[in-house]
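Here is the structure we will look at.
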Amino acid sequence: MSGKPALTHLGVEGQAHMVDVGEKAETERTAIAEGFVTMLPETLKLIREGNAKKGDVLGTARIAGIMAAKRAHELIPLCHPLLLTKVSVDIEADDSLPGLRVTALARVTGKTGVEMEALTAASVACLTIYDMAKAVDRGMVISGIRLVQKTGGKSGDYRVDA
């Protein structure tokens, strides 16, 4: 396996374990993730106008994503708890889908990255949009959850279009 990347959460005999980050340097690390919720044009219009039966879909999804990032370590078994310095969730309407694009950013100064926190924020924000609008559109599709960019750490920077 020389020269190939190894799975960091597997021990020598293949058992799952938490990565020891004790010797790593503390650096500023940022991750950006995205996801999409495709829906009927009428559903997007309803959300834009703020007329969803459950209330402010975008505001609620934004808060849910931020809260989820802070709890990623409780949801993902081998994820380290982090003292996040910033989490933001932006949601933009996209008529070409039609639907919503969710972009989540997570930042920390620490010994391990924040990719899982950004991905969790994007995922939960998309799920919240679905939950709040499912009464009018059960056919919504959540898709494209992915890491868009990360900076900092030993492995260096990553950008999806690079």
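Residue numbering restarts at 1 in every chain; chains get A, B, ... in the order shown in the structure tokens, and ligands count up from 1 in that same order.
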
Inset, instruction - Identify, on the basis of only C-alpha atoms, every residue whose closest approach to range 114-129 of chain A does not exceed 8 Å; exclude the query and any residue fewer than 5 positions from it along the same chain; express the result as a ChimeraX atom specification. - result: /A:29-37,57-58,60-72,79,87,89,102-108,142,145-147,150

Inset, instruction - Mind the document's chain letters and residue numbers, and return as a PyMOL selection string the residues of chain A that DSSP labels strand (DSSP E). - result: chain A and resi 27-38+86-94+99-110+141-151+158-159

How about saving the chosen residues, N, CA and C atoms kept, as a short mmCIF file (atom, residue, chain, number, x, y, z; two decimals), in the first residue's frame?
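Saved as selection-v4.cif:
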data_model
loop_
_atom_site.label_atom_id
_atom_site.label_comp_id
_atom_site.auth_asym_id
_atom_site.auth_seq_id
_atom_site.Cartn_x
_atom_site.Cartn_y
_atom_site.Cartn_z
N THR A 27 -3.79 24.88 13.89
CA THR A 27 -3.82 25.84 12.79
C THR A 27 -5.26 26.25 12.54
N GLU A 28 -5.44 27.36 11.83
CA GLU A 28 -6.80 27.74 11.44
C GLU A 28 -7.23 26.84 10.30
N ARG A 29 -8.40 26.27 10.45
CA ARG A 29 -8.94 25.33 9.46
C ARG A 29 -10.36 25.77 9.11
N THR A 30 -10.65 25.75 7.84
CA THR A 30 -11.97 26.15 7.34
C THR A 30 -12.47 25.09 6.37
N ALA A 31 -13.76 24.84 6.39
CA ALA A 31 -14.38 23.94 5.42
C ALA A 31 -15.69 24.56 4.95
N ILE A 32 -15.97 24.36 3.66
CA ILE A 32 -17.23 24.81 3.06
C ILE A 32 -17.87 23.61 2.40
N ALA A 33 -19.14 23.39 2.70
CA ALA A 33 -19.89 22.29 2.11
C ALA A 33 -21.17 22.85 1.49
N GLU A 34 -21.75 22.09 0.57
CA GLU A 34 -22.99 22.53 -0.06
C GLU A 34 -23.96 21.37 -0.21
N GLY A 35 -25.20 21.72 -0.43
CA GLY A 35 -26.24 20.76 -0.72
C GLY A 35 -27.39 21.47 -1.42
N PHE A 36 -28.26 20.70 -2.04
CA PHE A 36 -29.37 21.26 -2.82
C PHE A 36 -30.68 20.59 -2.45
N VAL A 37 -31.74 21.38 -2.46
CA VAL A 37 -33.09 20.83 -2.29
C VAL A 37 -33.88 21.26 -3.53
N THR A 38 -34.20 20.29 -4.35
CA THR A 38 -34.98 20.54 -5.56
C THR A 38 -36.45 20.34 -5.23
N LYS A 86 -16.47 29.71 14.11
CA LYS A 86 -17.47 30.29 13.22
C LYS A 86 -18.22 29.17 12.51
N VAL A 87 -19.52 29.35 12.40
CA VAL A 87 -20.36 28.51 11.55
C VAL A 87 -21.37 29.44 10.89
N SER A 88 -21.48 29.35 9.58
CA SER A 88 -22.52 30.11 8.89
C SER A 88 -23.20 29.21 7.86
N VAL A 89 -24.46 29.48 7.64
CA VAL A 89 -25.25 28.73 6.66
C VAL A 89 -25.97 29.75 5.79
N ASP A 90 -25.71 29.70 4.50
CA ASP A 90 -26.37 30.59 3.54
C ASP A 90 -27.27 29.75 2.65
N ILE A 91 -28.46 30.27 2.36
CA ILE A 91 -29.42 29.56 1.53
C ILE A 91 -29.88 30.50 0.44
N GLU A 92 -29.70 30.04 -0.81
CA GLU A 92 -30.06 30.87 -1.96
C GLU A 92 -31.07 30.12 -2.83
N ALA A 93 -32.06 30.85 -3.30
CA ALA A 93 -33.01 30.29 -4.25
C ALA A 93 -32.34 30.16 -5.61
N ASP A 94 -32.67 29.10 -6.32
CA ASP A 94 -32.13 28.86 -7.65
C ASP A 94 -33.28 28.39 -8.54
N GLY A 99 -35.25 25.28 -6.81
CA GLY A 99 -35.02 24.89 -5.43
C GLY A 99 -34.07 25.81 -4.71
N LEU A 100 -33.41 25.25 -3.71
CA LEU A 100 -32.54 26.03 -2.84
C LEU A 100 -31.15 25.41 -2.79
N ARG A 101 -30.14 26.26 -2.79
CA ARG A 101 -28.75 25.84 -2.61
C ARG A 101 -28.33 26.26 -1.21
N VAL A 102 -27.82 25.31 -0.46
CA VAL A 102 -27.36 25.55 0.91
C VAL A 102 -25.84 25.51 0.91
N THR A 103 -25.21 26.53 1.47
CA THR A 103 -23.76 26.57 1.62
C THR A 103 -23.44 26.77 3.10
N ALA A 104 -22.64 25.87 3.64
CA ALA A 104 -22.27 25.94 5.06
C ALA A 104 -20.77 26.10 5.20
N LEU A 105 -20.38 26.99 6.10
CA LEU A 105 -18.97 27.23 6.39
C LEU A 105 -18.73 26.93 7.87
N ALA A 106 -17.65 26.21 8.16
CA ALA A 106 -17.24 25.97 9.54
C ALA A 106 -15.77 26.33 9.67
N ARG A 107 -15.41 26.94 10.81
CA ARG A 107 -14.02 27.35 11.04
C ARG A 107 -13.62 27.01 12.48
N VAL A 108 -12.35 26.65 12.64
CA VAL A 108 -11.80 26.34 13.96
C VAL A 108 -10.31 26.63 13.93
N THR A 109 -9.75 26.96 15.07
CA THR A 109 -8.31 26.92 15.25
C THR A 109 -8.07 25.71 16.12
N GLY A 110 -7.49 24.68 15.53
CA GLY A 110 -7.36 23.44 16.27
C GLY A 110 -6.45 22.45 15.58
N VAL A 141 -36.24 16.71 -3.49
CA VAL A 141 -35.06 15.86 -3.53
C VAL A 141 -33.88 16.60 -2.93
N ILE A 142 -33.24 15.97 -1.97
CA ILE A 142 -32.01 16.50 -1.39
C ILE A 142 -30.86 15.84 -2.13
N SER A 143 -29.92 16.64 -2.62
CA SER A 143 -28.82 16.07 -3.40
C SER A 143 -27.56 16.92 -3.28
N GLY A 144 -26.49 16.37 -3.82
CA GLY A 144 -25.26 17.13 -3.98
C GLY A 144 -24.56 17.53 -2.71
N ILE A 145 -24.80 16.83 -1.60
CA ILE A 145 -24.09 17.16 -0.37
C ILE A 145 -22.62 16.82 -0.62
N ARG A 146 -21.76 17.84 -0.52
CA ARG A 146 -20.34 17.58 -0.77
C ARG A 146 -19.47 18.67 -0.15
N LEU A 147 -18.22 18.32 0.03
CA LEU A 147 -17.22 19.29 0.46
C LEU A 147 -16.81 20.10 -0.76
N VAL A 148 -16.89 21.41 -0.64
CA VAL A 148 -16.53 22.30 -1.74
C VAL A 148 -15.10 22.80 -1.58
N GLN A 149 -14.71 23.05 -0.33
CA GLN A 149 -13.38 23.61 -0.09
C GLN A 149 -12.95 23.34 1.34
N LYS A 150 -11.65 23.17 1.54
CA LYS A 150 -11.09 23.11 2.88
C LYS A 150 -9.72 23.75 2.86
N THR A 151 -9.38 24.41 3.96
CA THR A 151 -8.06 25.01 4.09
C THR A 151 -7.48 24.64 5.44
N TYR A 158 -7.87 22.11 -0.28
CA TYR A 158 -8.65 21.37 -1.28
C TYR A 158 -9.75 22.27 -1.80
N ARG A 159 -9.97 22.21 -3.08
CA ARG A 159 -11.09 22.93 -3.70
C ARG A 159 -11.67 22.03 -4.76
#

Legend entry - Polymer residues at most 10 Å from Lys45 in chain A, only C-alpha atoms, same-chain spacing of 5 or more positions, as JSON, numbers by chain: {"A": [40, 50, 51, 52, 93, 95, 98, 99]}

Pull all heavy atoms from the residues just selected and write them as a compact mmCIF listing (two decimals), in the first residue's frame.
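The result, stored in part-v9.txt:
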# COMPACT_ATOMS: atom_id res chain seq x y z
N LEU A 40 -40.84 21.67 -6.40
CA LEU A 40 -41.75 22.24 -7.39
C LEU A 40 -41.61 23.77 -7.38
O LEU A 40 -41.37 24.36 -6.31
CB LEU A 40 -43.20 21.87 -7.07
CG LEU A 40 -43.56 20.40 -7.14
CD1 LEU A 40 -44.96 20.16 -6.58
CD2 LEU A 40 -43.45 19.90 -8.58
N GLY A 50 -42.47 33.46 2.22
CA GLY A 50 -42.59 33.31 3.67
C GLY A 50 -43.95 32.79 4.10
O GLY A 50 -44.38 33.05 5.23
N ASN A 51 -44.63 32.05 3.22
CA ASN A 51 -45.99 31.60 3.52
C ASN A 51 -46.08 30.11 3.85
O ASN A 51 -47.16 29.54 3.77
CB ASN A 51 -46.91 31.92 2.34
CG ASN A 51 -47.10 33.41 2.17
OD1 ASN A 51 -47.11 34.15 3.15
ND2 ASN A 51 -47.23 33.85 0.94
N ALA A 52 -44.97 29.49 4.21
CA ALA A 52 -45.04 28.07 4.57
C ALA A 52 -45.79 27.93 5.89
O ALA A 52 -45.68 28.77 6.78
CB ALA A 52 -43.63 27.50 4.70
N ALA A 93 -32.06 30.85 -3.30
CA ALA A 93 -33.01 30.29 -4.25
C ALA A 93 -32.34 30.16 -5.61
O ALA A 93 -31.53 31.01 -6.00
CB ALA A 93 -34.25 31.18 -4.35
N ASP A 95 -33.76 29.29 -9.38
CA ASP A 95 -34.90 28.97 -10.26
C ASP A 95 -34.58 27.88 -11.26
O ASP A 95 -35.47 27.19 -11.74
CB ASP A 95 -35.37 30.23 -10.99
CG ASP A 95 -36.00 31.23 -10.05
OD1 ASP A 95 -36.75 30.80 -9.15
OD2 ASP A 95 -35.75 32.44 -10.21
N PRO A 98 -35.78 23.79 -10.04
CA PRO A 98 -35.97 24.88 -9.08
C PRO A 98 -35.74 24.37 -7.66
O PRO A 98 -36.00 23.21 -7.36
CB PRO A 98 -37.42 25.29 -9.29
CG PRO A 98 -38.09 24.05 -9.78
CD PRO A 98 -37.06 23.28 -10.55
N GLY A 99 -35.25 25.28 -6.81
CA GLY A 99 -35.02 24.89 -5.43
C GLY A 99 -34.07 25.81 -4.71
O GLY A 99 -33.94 26.99 -5.08

Inset, instruction - Enumerate the residues of chain A with a DSSP assignment of alpha helix (DSSP H), computed from the backbone, and present them as a ChimeraX atom specification. - result: /A:41-48,57-70,72-75,115-133

Same residues, C-alpha atoms, saved as a PDB file, in the first residue's frame:
ATOM      1  CA  PRO A  41     -41.688  25.882  -8.567  1.00  0.00           C
ATOM      2  CA  GLU A  42     -44.828  26.492  -6.481  1.00  0.00           C
ATOM      3  CA  THR A  43     -43.035  25.270  -3.351  1.00  0.00           C
ATOM      4  CA  LEU A  44     -40.078  27.564  -3.986  1.00  0.00           C
ATOM      5  CA  LYS A  45     -42.481  30.471  -4.449  1.00  0.00           C
ATOM      6  CA  LEU A  46     -44.237  29.650  -1.180  1.00  0.00           C
ATOM      7  CA  ILE A  47     -40.894  29.545   0.685  1.00  0.00           C
ATOM      8  CA  ARG A  48     -39.687  32.797  -0.903  1.00  0.00           C
ATOM      9  CA  VAL A  57     -38.257  27.973   6.332  1.00  0.00           C
ATOM     10  CA  LEU A  58     -34.971  29.683   5.486  1.00  0.00           C
ATOM     11  CA  GLY A  59     -34.342  31.136   8.937  1.00  0.00           C
ATOM     12  CA  THR A  60     -35.193  27.867  10.660  1.00  0.00           C
ATOM     13  CA  ALA A  61     -32.980  25.850   8.281  1.00  0.00           C
ATOM     14  CA  ARG A  62     -30.095  28.285   8.833  1.00  0.00           C
ATOM     15  CA  ILE A  63     -30.317  27.919  12.638  1.00  0.00           C
ATOM     16  CA  ALA A  64     -30.725  24.131  12.390  1.00  0.00           C
ATOM     17  CA  GLY A  65     -27.568  23.884  10.277  1.00  0.00           C
ATOM     18  CA  ILE A  66     -25.562  25.971  12.742  1.00  0.00           C
ATOM     19  CA  MET A  67     -26.813  23.902  15.674  1.00  0.00           C
ATOM     20  CA  ALA A  68     -26.009  20.668  13.822  1.00  0.00           C
ATOM     21  CA  ALA A  69     -22.411  21.712  13.131  1.00  0.00           C
ATOM     22  CA  LYS A  70     -21.913  22.196  16.861  1.00  0.00           C
ATOM     23  CA  ALA A  72     -21.378  16.764  14.656  1.00  0.00           C
ATOM     24  CA  HIS A  73     -19.233  14.853  17.165  1.00  0.00           C
ATOM     25  CA  GLU A  74     -22.413  13.492  18.781  1.00  0.00           C
ATOM     26  CA  LEU A  75     -23.741  12.204  15.457  1.00  0.00           C
ATOM     27  CA  GLU A 115     -15.121  19.096   7.125  1.00  0.00           C
ATOM     28  CA  MET A 116     -17.619  16.970   9.045  1.00  0.00           C
ATOM     29  CA  GLU A 117     -19.065  20.024  10.782  1.00  0.00           C
ATOM     30  CA  ALA A 118     -19.611  21.839   7.469  1.00  0.00           C
ATOM     31  CA  LEU A 119     -21.107  18.722   5.852  1.00  0.00           C
ATOM     32  CA  THR A 120     -23.377  18.143   8.853  1.00  0.00           C
ATOM     33  CA  ALA A 121     -24.554  21.762   8.765  1.00  0.00           C
ATOM     34  CA  ALA A 122     -25.397  21.562   5.045  1.00  0.00           C
ATOM     35  CA  SER A 123     -27.150  18.207   5.450  1.00  0.00           C
ATOM     36  CA  VAL A 124     -29.305  19.225   8.400  1.00  0.00           C
ATOM     37  CA  ALA A 125     -30.219  22.562   6.806  1.00  0.00           C
ATOM     38  CA  CYS A 126     -31.424  20.636   3.723  1.00  0.00           C
ATOM     39  CA  LEU A 127     -33.352  18.185   5.908  1.00  0.00           C
ATOM     40  CA  THR A 128     -34.976  21.074   7.756  1.00  0.00           C
ATOM     41  CA  ILE A 129     -36.095  22.655   4.481  1.00  0.00           C
ATOM     42  CA  TYR A 130     -37.647  19.322   3.532  1.00  0.00           C
ATOM     43  CA  ASP A 131     -39.352  18.966   6.910  1.00  0.00           C
ATOM     44  CA  MET A 132     -40.825  22.452   6.818  1.00  0.00           C
ATOM     45  CA  ALA A 133     -42.161  22.187   3.262  1.00  0.00           C
TER      46      ALA A 133
END

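Residues lying within 12 Å of Glu26 in chain A, counting only C-alpha atoms and ignoring same-chain neighbours fewer than 4 positions away, are Val21, Gly22, Leu82, Val108, Thr109, Gly110, Lys111, Thr112, Gly113, Gly152, Gly153 and Lys154 of chain A.
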
Residues from last step as file, C-alpha atoms, as a short mmCIF file (atom, residue, chain, number, x, y, z; two decimals), in the first residue's frame:
data_model
loop_
_atom_site.label_atom_id
_atom_site.label_comp_id
_atom_site.auth_asym_id
_atom_site.auth_seq_id
_atom_site.Cartn_x
_atom_site.Cartn_y
_atom_site.Cartn_z
CA VAL A 21 -4.46 14.35 16.98
CA GLY A 22 -2.41 15.09 20.10
CA LEU A 82 -14.36 20.97 18.39
CA VAL A 108 -11.80 26.34 13.96
CA THR A 109 -8.31 26.92 15.25
CA GLY A 110 -7.36 23.44 16.27
CA LYS A 111 -5.64 20.13 15.59
CA THR A 112 -8.21 18.59 13.28
CA GLY A 113 -10.33 19.74 10.37
CA GLY A 152 -5.46 24.35 6.75
CA GLY A 153 -3.98 21.26 8.27
CA LYS A 154 -1.29 18.80 7.27
#

Inset, instruction - Go ahead and compute the interatomic distance for CA of Lys54 in chain A and CA of Ala135 in chain A, in Å to one decimal. - result: 9.2 Å
